[in-house]
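Pasting structure29.cif here (mmCIF, N, CA and C atoms):
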data_query
loop_
_atom_site.label_atom_id
_atom_site.label_comp_id
_atom_site.auth_asym_id
_atom_site.auth_seq_id
_atom_site.Cartn_x
_atom_site.Cartn_y
_atom_site.Cartn_z
N MET S 259 3.27 6.71 -10.93
CA MET S 259 4.59 6.14 -10.93
C MET S 259 5.20 6.19 -9.53
N ILE S 260 4.97 7.30 -8.82
CA ILE S 260 5.52 7.44 -7.47
C ILE S 260 4.90 6.40 -6.53
N THR S 261 3.61 6.16 -6.67
CA THR S 261 2.96 5.17 -5.81
C THR S 261 3.47 3.77 -6.10
N ALA S 262 3.76 3.47 -7.35
CA ALA S 262 4.31 2.16 -7.70
C ALA S 262 5.69 1.98 -7.07
N ILE S 263 6.50 3.03 -7.09
CA ILE S 263 7.83 2.96 -6.47
C ILE S 263 7.68 2.80 -4.96
N GLU S 264 6.74 3.53 -4.36
CA GLU S 264 6.51 3.41 -2.92
C GLU S 264 6.02 2.02 -2.54
N THR S 265 5.19 1.42 -3.38
CA THR S 265 4.70 0.07 -3.12
C THR S 265 5.84 -0.94 -3.15
N THR S 266 6.71 -0.80 -4.13
CA THR S 266 7.87 -1.69 -4.23
C THR S 266 8.80 -1.50 -3.03
N LEU S 267 9.03 -0.26 -2.64
CA LEU S 267 9.89 0.00 -1.49
C LEU S 267 9.28 -0.54 -0.20
N LEU S 268 7.96 -0.43 -0.05
CA LEU S 268 7.31 -0.99 1.14
C LEU S 268 7.50 -2.50 1.19
N GLY S 269 7.43 -3.15 0.03
CA GLY S 269 7.69 -4.59 -0.02
C GLY S 269 9.09 -4.93 0.43
N PHE S 270 10.10 -4.15 -0.04
CA PHE S 270 11.48 -4.38 0.38
C PHE S 270 11.67 -4.13 1.87
N VAL S 271 11.04 -3.07 2.39
CA VAL S 271 11.18 -2.75 3.81
C VAL S 271 10.57 -3.86 4.67
N LEU S 272 9.42 -4.36 4.28
CA LEU S 272 8.77 -5.40 5.08
C LEU S 272 9.50 -6.74 4.98
N ILE S 273 10.23 -6.97 3.89
CA ILE S 273 11.02 -8.21 3.80
C ILE S 273 12.10 -8.21 4.87
N PHE S 274 12.77 -7.07 5.04
CA PHE S 274 13.89 -7.00 5.97
C PHE S 274 13.48 -6.61 7.39
N ASN S 275 12.22 -6.25 7.59
CA ASN S 275 11.72 -5.88 8.91
C ASN S 275 11.06 -7.11 9.54
N HIS S 276 11.46 -7.45 10.73
CA HIS S 276 10.85 -8.56 11.42
C HIS S 276 9.90 -7.99 12.48
N PRO S 277 8.60 -7.99 12.19
CA PRO S 277 7.65 -7.34 13.09
C PRO S 277 7.43 -8.13 14.37
N TYR S 278 6.83 -7.44 15.30
CA TYR S 278 6.47 -8.05 16.58
C TYR S 278 5.37 -9.07 16.34
N ASP S 279 5.56 -10.27 16.86
CA ASP S 279 4.53 -11.30 16.72
C ASP S 279 4.35 -11.99 18.06
N ASP S 280 3.11 -12.10 18.45
CA ASP S 280 2.77 -12.79 19.69
C ASP S 280 1.71 -13.83 19.36
N PRO S 281 2.09 -15.11 19.24
CA PRO S 281 1.13 -16.14 18.86
C PRO S 281 -0.01 -16.30 19.86
N THR S 282 0.19 -15.86 21.11
CA THR S 282 -0.88 -15.99 22.09
C THR S 282 -1.93 -14.89 21.94
N HIS S 283 -1.58 -13.80 21.27
CA HIS S 283 -2.51 -12.69 21.07
C HIS S 283 -3.02 -12.74 19.62
N PRO S 284 -4.30 -13.05 19.41
CA PRO S 284 -4.79 -13.27 18.05
C PRO S 284 -4.70 -12.04 17.13
N VAL S 285 -4.78 -10.83 17.68
CA VAL S 285 -4.72 -9.63 16.83
C VAL S 285 -3.35 -9.50 16.20
N PHE S 286 -2.30 -9.63 16.99
CA PHE S 286 -0.95 -9.49 16.45
C PHE S 286 -0.62 -10.64 15.51
N HIS S 287 -1.04 -11.82 15.85
CA HIS S 287 -0.72 -12.97 15.01
C HIS S 287 -1.46 -12.91 13.67
N ALA S 288 -2.70 -12.45 13.67
CA ALA S 288 -3.46 -12.34 12.43
C ALA S 288 -2.90 -11.24 11.53
N PHE S 289 -2.53 -10.10 12.12
CA PHE S 289 -2.01 -9.00 11.32
C PHE S 289 -0.58 -9.24 10.86
N ASN S 290 0.09 -10.16 11.47
CA ASN S 290 1.45 -10.48 11.05
C ASN S 290 1.45 -11.17 9.69
N VAL S 291 0.29 -11.69 9.27
CA VAL S 291 0.17 -12.30 7.94
C VAL S 291 0.45 -11.26 6.85
N LEU S 292 0.01 -10.03 7.05
CA LEU S 292 0.25 -8.99 6.05
C LEU S 292 1.71 -8.57 5.97
N GLN S 293 2.52 -8.99 6.91
CA GLN S 293 3.93 -8.65 6.88
C GLN S 293 4.79 -9.89 6.62
N SER S 294 4.17 -10.95 6.12
CA SER S 294 4.90 -12.18 5.83
C SER S 294 5.41 -12.16 4.39
N TRP S 295 6.16 -13.18 4.02
CA TRP S 295 6.80 -13.23 2.73
C TRP S 295 5.81 -13.19 1.55
N PRO S 296 4.69 -13.92 1.52
CA PRO S 296 3.79 -13.84 0.36
C PRO S 296 3.21 -12.44 0.14
N MET S 297 2.88 -11.73 1.21
CA MET S 297 2.35 -10.38 1.03
C MET S 297 3.45 -9.42 0.58
N CYS S 298 4.65 -9.60 1.07
CA CYS S 298 5.78 -8.77 0.60
C CYS S 298 6.03 -9.02 -0.88
N ALA S 299 5.94 -10.28 -1.29
CA ALA S 299 6.12 -10.60 -2.71
C ALA S 299 5.01 -9.98 -3.55
N SER S 300 3.78 -9.96 -3.03
CA SER S 300 2.69 -9.33 -3.79
C SER S 300 2.90 -7.83 -3.91
N LEU S 301 3.46 -7.21 -2.87
CA LEU S 301 3.79 -5.78 -2.97
C LEU S 301 4.85 -5.54 -4.04
N LEU S 302 5.87 -6.39 -4.06
CA LEU S 302 6.92 -6.24 -5.06
C LEU S 302 6.39 -6.45 -6.49
N VAL S 303 5.58 -7.48 -6.67
CA VAL S 303 5.03 -7.77 -8.00
C VAL S 303 4.06 -6.68 -8.44
N LEU S 304 3.18 -6.27 -7.54
CA LEU S 304 2.22 -5.23 -7.89
C LEU S 304 2.91 -3.90 -8.17
N GLY S 305 3.85 -3.52 -7.32
CA GLY S 305 4.57 -2.27 -7.54
C GLY S 305 5.35 -2.29 -8.84
N GLY S 306 6.03 -3.41 -9.11
CA GLY S 306 6.76 -3.52 -10.37
C GLY S 306 5.85 -3.53 -11.58
N GLY S 307 4.73 -4.22 -11.48
CA GLY S 307 3.77 -4.26 -12.59
C GLY S 307 3.17 -2.90 -12.89
N VAL S 308 2.79 -2.18 -11.86
CA VAL S 308 2.21 -0.84 -12.06
C VAL S 308 3.28 0.11 -12.59
N LEU S 309 4.50 -0.05 -12.13
CA LEU S 309 5.60 0.78 -12.65
C LEU S 309 5.80 0.53 -14.15
N ILE S 310 5.75 -0.72 -14.56
CA ILE S 310 5.88 -1.03 -15.99
C ILE S 310 4.69 -0.47 -16.77
N LEU S 311 3.47 -0.58 -16.21
CA LEU S 311 2.30 -0.01 -16.88
C LEU S 311 2.42 1.50 -17.07
N THR S 312 2.93 2.19 -16.07
CA THR S 312 3.03 3.64 -16.18
C THR S 312 4.17 4.06 -17.10
N ILE S 313 5.26 3.32 -17.10
CA ILE S 313 6.36 3.66 -18.01
C ILE S 313 5.95 3.42 -19.45
N CYS S 314 5.23 2.33 -19.72
CA CYS S 314 4.80 2.01 -21.08
C CYS S 314 3.55 2.77 -21.49
N ASN S 315 2.91 3.48 -20.56
CA ASN S 315 1.68 4.24 -20.82
C ASN S 315 0.60 3.33 -21.41
N TYR S 316 0.38 2.20 -20.76
CA TYR S 316 -0.55 1.19 -21.23
C TYR S 316 -1.93 1.46 -20.64
N HIS S 317 -2.93 1.65 -21.51
CA HIS S 317 -4.28 1.96 -21.05
C HIS S 317 -5.33 1.00 -21.61
N LYS S 318 -4.94 -0.08 -22.24
CA LYS S 318 -5.91 -1.01 -22.81
C LYS S 318 -6.49 -1.91 -21.73
N PHE S 319 -7.69 -2.38 -21.98
CA PHE S 319 -8.38 -3.33 -21.11
C PHE S 319 -8.51 -2.83 -19.68
N PHE S 320 -8.66 -1.53 -19.50
CA PHE S 320 -8.83 -0.91 -18.18
C PHE S 320 -7.70 -1.28 -17.23
N ALA S 321 -6.50 -1.43 -17.74
CA ALA S 321 -5.36 -1.82 -16.90
C ALA S 321 -5.06 -0.77 -15.85
N ASP S 322 -5.17 0.50 -16.20
CA ASP S 322 -4.89 1.55 -15.21
C ASP S 322 -5.94 1.57 -14.12
N PHE S 323 -7.21 1.31 -14.47
CA PHE S 323 -8.29 1.27 -13.48
C PHE S 323 -8.10 0.08 -12.53
N VAL S 324 -7.81 -1.08 -13.09
CA VAL S 324 -7.61 -2.28 -12.28
C VAL S 324 -6.41 -2.10 -11.35
N ALA S 325 -5.33 -1.53 -11.87
CA ALA S 325 -4.14 -1.30 -11.05
C ALA S 325 -4.44 -0.33 -9.91
N THR S 326 -5.23 0.71 -10.19
CA THR S 326 -5.59 1.68 -9.15
C THR S 326 -6.45 1.04 -8.07
N VAL S 327 -7.39 0.21 -8.46
CA VAL S 327 -8.26 -0.45 -7.47
C VAL S 327 -7.46 -1.42 -6.60
N ILE S 328 -6.58 -2.20 -7.21
CA ILE S 328 -5.78 -3.15 -6.45
C ILE S 328 -4.82 -2.42 -5.52
N MET S 329 -4.21 -1.33 -6.02
CA MET S 329 -3.29 -0.55 -5.17
C MET S 329 -4.05 0.06 -3.99
N ALA S 330 -5.23 0.60 -4.24
CA ALA S 330 -6.01 1.21 -3.16
C ALA S 330 -6.40 0.16 -2.13
N ALA S 331 -6.81 -1.01 -2.57
CA ALA S 331 -7.20 -2.06 -1.63
C ALA S 331 -6.01 -2.53 -0.79
N LEU S 332 -4.87 -2.67 -1.43
CA LEU S 332 -3.68 -3.14 -0.71
C LEU S 332 -3.20 -2.09 0.29
N TRP S 333 -3.15 -0.83 -0.11
CA TRP S 333 -2.70 0.22 0.81
C TRP S 333 -3.70 0.44 1.94
N MET S 334 -5.00 0.25 1.67
CA MET S 334 -5.99 0.38 2.74
C MET S 334 -5.83 -0.75 3.76
N ALA S 335 -5.54 -1.96 3.27
CA ALA S 335 -5.31 -3.08 4.18
C ALA S 335 -4.12 -2.80 5.08
N TYR S 336 -3.06 -2.25 4.52
CA TYR S 336 -1.89 -1.93 5.34
C TYR S 336 -2.17 -0.77 6.28
N LEU S 337 -2.97 0.20 5.85
CA LEU S 337 -3.33 1.31 6.73
C LEU S 337 -4.11 0.81 7.94
N VAL S 338 -5.08 -0.04 7.71
CA VAL S 338 -5.88 -0.59 8.82
C VAL S 338 -5.00 -1.44 9.73
N THR S 339 -4.13 -2.25 9.14
CA THR S 339 -3.25 -3.11 9.93
C THR S 339 -2.34 -2.30 10.83
N PHE S 340 -1.67 -1.29 10.25
CA PHE S 340 -0.75 -0.49 11.04
C PHE S 340 -1.50 0.32 12.10
N PHE S 341 -2.71 0.79 11.77
CA PHE S 341 -3.48 1.57 12.73
C PHE S 341 -3.91 0.71 13.92
N VAL S 342 -4.37 -0.51 13.66
CA VAL S 342 -4.79 -1.39 14.74
C VAL S 342 -3.59 -1.80 15.59
N GLN S 343 -2.45 -2.06 14.96
CA GLN S 343 -1.26 -2.39 15.74
C GLN S 343 -0.82 -1.20 16.60
N ASP S 344 -0.92 0.00 16.05
CA ASP S 344 -0.59 1.18 16.85
C ASP S 344 -1.55 1.34 18.03
N ALA S 345 -2.81 1.03 17.81
CA ALA S 345 -3.79 1.15 18.89
C ALA S 345 -3.48 0.18 20.03
N PHE S 346 -2.95 -0.99 19.71
CA PHE S 346 -2.64 -1.96 20.75
C PHE S 346 -1.25 -1.78 21.34
N LEU S 347 -0.30 -1.24 20.57
CA LEU S 347 1.09 -1.18 21.03
C LEU S 347 1.49 0.13 21.67
N ARG S 348 0.98 1.25 21.18
CA ARG S 348 1.46 2.54 21.67
C ARG S 348 0.29 3.51 21.85
N PRO S 349 0.49 4.54 22.62
CA PRO S 349 -0.60 5.47 22.89
C PRO S 349 -0.88 6.43 21.72
N SER S 350 0.04 6.57 20.78
CA SER S 350 -0.18 7.48 19.66
C SER S 350 0.01 6.74 18.35
N VAL S 351 -0.35 7.40 17.27
CA VAL S 351 -0.23 6.82 15.93
C VAL S 351 1.21 7.01 15.45
N SER S 352 1.79 5.98 14.86
CA SER S 352 3.18 6.05 14.41
C SER S 352 3.31 6.83 13.10
N VAL S 353 4.53 7.21 12.81
CA VAL S 353 4.81 7.95 11.58
C VAL S 353 4.54 7.08 10.36
N ALA S 354 4.83 5.79 10.45
CA ALA S 354 4.58 4.87 9.33
C ALA S 354 3.10 4.82 8.99
N THR S 355 2.25 4.80 9.99
CA THR S 355 0.80 4.77 9.75
C THR S 355 0.35 6.06 9.08
N ILE S 356 0.87 7.18 9.51
CA ILE S 356 0.50 8.46 8.91
C ILE S 356 0.94 8.53 7.45
N LEU S 357 2.15 8.06 7.16
CA LEU S 357 2.65 8.08 5.79
C LEU S 357 1.85 7.13 4.89
N ILE S 358 1.50 5.97 5.41
CA ILE S 358 0.66 5.05 4.65
C ILE S 358 -0.71 5.67 4.39
N GLY S 359 -1.24 6.41 5.37
CA GLY S 359 -2.50 7.11 5.17
C GLY S 359 -2.42 8.16 4.07
N PHE S 360 -1.31 8.89 4.01
CA PHE S 360 -1.14 9.88 2.95
C PHE S 360 -1.06 9.23 1.57
N VAL S 361 -0.38 8.10 1.47
CA VAL S 361 -0.31 7.39 0.19
C VAL S 361 -1.70 6.91 -0.22
N PHE S 362 -2.45 6.37 0.73
CA PHE S 362 -3.80 5.91 0.43
C PHE S 362 -4.70 7.06 -0.02
N ILE S 363 -4.59 8.20 0.65
CA ILE S 363 -5.40 9.37 0.26
C ILE S 363 -5.00 9.85 -1.14
N ARG S 364 -3.70 9.81 -1.45
CA ARG S 364 -3.27 10.22 -2.78
C ARG S 364 -3.81 9.28 -3.85
N ILE S 365 -3.87 7.98 -3.57
CA ILE S 365 -4.45 7.03 -4.52
C ILE S 365 -5.93 7.32 -4.71
N LEU S 366 -6.64 7.60 -3.62
CA LEU S 366 -8.07 7.92 -3.74
C LEU S 366 -8.30 9.20 -4.53
N LEU S 367 -7.50 10.22 -4.28
CA LEU S 367 -7.63 11.46 -5.05
C LEU S 367 -7.35 11.23 -6.52
N ASP S 368 -6.36 10.41 -6.81
CA ASP S 368 -6.04 10.10 -8.19
C ASP S 368 -7.20 9.36 -8.85
N ALA S 369 -7.81 8.44 -8.12
CA ALA S 369 -8.91 7.66 -8.68
C ALA S 369 -10.19 8.48 -8.81
N LEU S 370 -10.49 9.30 -7.80
CA LEU S 370 -11.76 10.03 -7.81
C LEU S 370 -11.75 11.26 -8.70
N PHE S 371 -10.64 11.98 -8.71
CA PHE S 371 -10.60 13.24 -9.45
C PHE S 371 -9.76 13.16 -10.71
N ASN S 372 -9.25 11.97 -11.02
CA ASN S 372 -8.53 11.74 -12.25
C ASN S 372 -7.35 12.69 -12.41
N PHE S 373 -6.50 12.75 -11.39
CA PHE S 373 -5.29 13.58 -11.45
C PHE S 373 -4.20 12.80 -12.18
N GLU S 374 -3.46 13.50 -12.99
CA GLU S 374 -2.29 12.92 -13.63
C GLU S 374 -1.20 13.96 -13.66
N ARG S 375 -0.10 13.69 -12.97
CA ARG S 375 1.03 14.60 -12.87
C ARG S 375 0.61 15.95 -12.30
N GLY S 376 -0.34 15.95 -11.36
CA GLY S 376 -0.74 17.18 -10.69
C GLY S 376 -1.74 18.01 -11.47
N VAL S 377 -2.18 17.55 -12.63
CA VAL S 377 -3.13 18.31 -13.47
C VAL S 377 -4.43 17.52 -13.55
N TRP S 378 -5.54 18.21 -13.32
CA TRP S 378 -6.83 17.53 -13.39
C TRP S 378 -7.23 17.33 -14.84
N ARG S 379 -7.57 16.07 -15.21
CA ARG S 379 -7.94 15.75 -16.59
C ARG S 379 -9.45 15.66 -16.78
N GLY S 380 -10.24 16.10 -15.80
CA GLY S 380 -11.68 16.07 -15.83
C GLY S 380 -12.29 15.75 -17.09
#
Output the file's structure as structure tokens, nothing else.
Amino acid sequence: MITAIETTLLGFVLIFNHPYDDPTHPVFHAFNVLQSWPMCASLLVLGGGVLILTICNYHKFFADFVATVIMAALWMAYLVTFFVQDAFLRPSVSVATILIGFVFIRILLDALFNFERGVWRG
């Protein structure tokens, strides 16, 4: 549930954040696609959908597995994007990249070790 809320909040933050874009530099221009309106909308829809799945405790048709895989893929894409932008823009890694990395690691731990509310369901 916390990851779904964080995904929705990231979508809202990226809607109102106007990132650096340099059309002459292909790296910045290509990665700016992940911070555009369609990707922000996908974050909002995915975060809201996963939040509804967790509130309703819906486990049919592998919905929780599919949601976890999509969330992990989306957060990994943002982790790589922010990391590459940090590598080109500043000498150190930004706080946003570190926080996105922690969210991605938490999703992986949840998927690999089947954690639910801090308790292992092995």
message = Suppose a student applies the PyMOL selection byres ((chain S and resi 305) around 6.5) to this structure; what residues should they get, written as JSON, numbers by chain?
response = {"S": [261, 262, 263, 265, 266, 300, 301, 302, 303, 304, 306, 307, 308, 309, 310]}
message = What's the separation between atom N of S:Ala345 and atom N of S:Asn290, in Å to one decimal place?
response =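 Atom-to-atom, atom N of S:Ala345 to atom N of S:Asn290, that is 13.2 Å.
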ask   = Among chain S, which residues carry a DSSP assignment of helix (DSSP H, G or I), reported as number ranges by chain?
value = S: 260-274, 284-293, 295-314, 318-347, 353-371
request  = Please identify all polymer residues within 8 Å of stretch 325-329 of chain S, counting all atoms listed in the file, omitting same-chain residues fewer than 3 positions from it, and present them as an NGL selection string.
outcome  = :S and (304 or 307-308 or 320-322 or 332-335 or 362 or 365-366 or 368-369)
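The spacing separating atom N of S:Met297 from atom N of S:Phe371 amounts to 29.0 Å.
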Atom-to-atom span, atom CA of S:Ala299 and atom C of S:Val342, Å = 22.5 Å
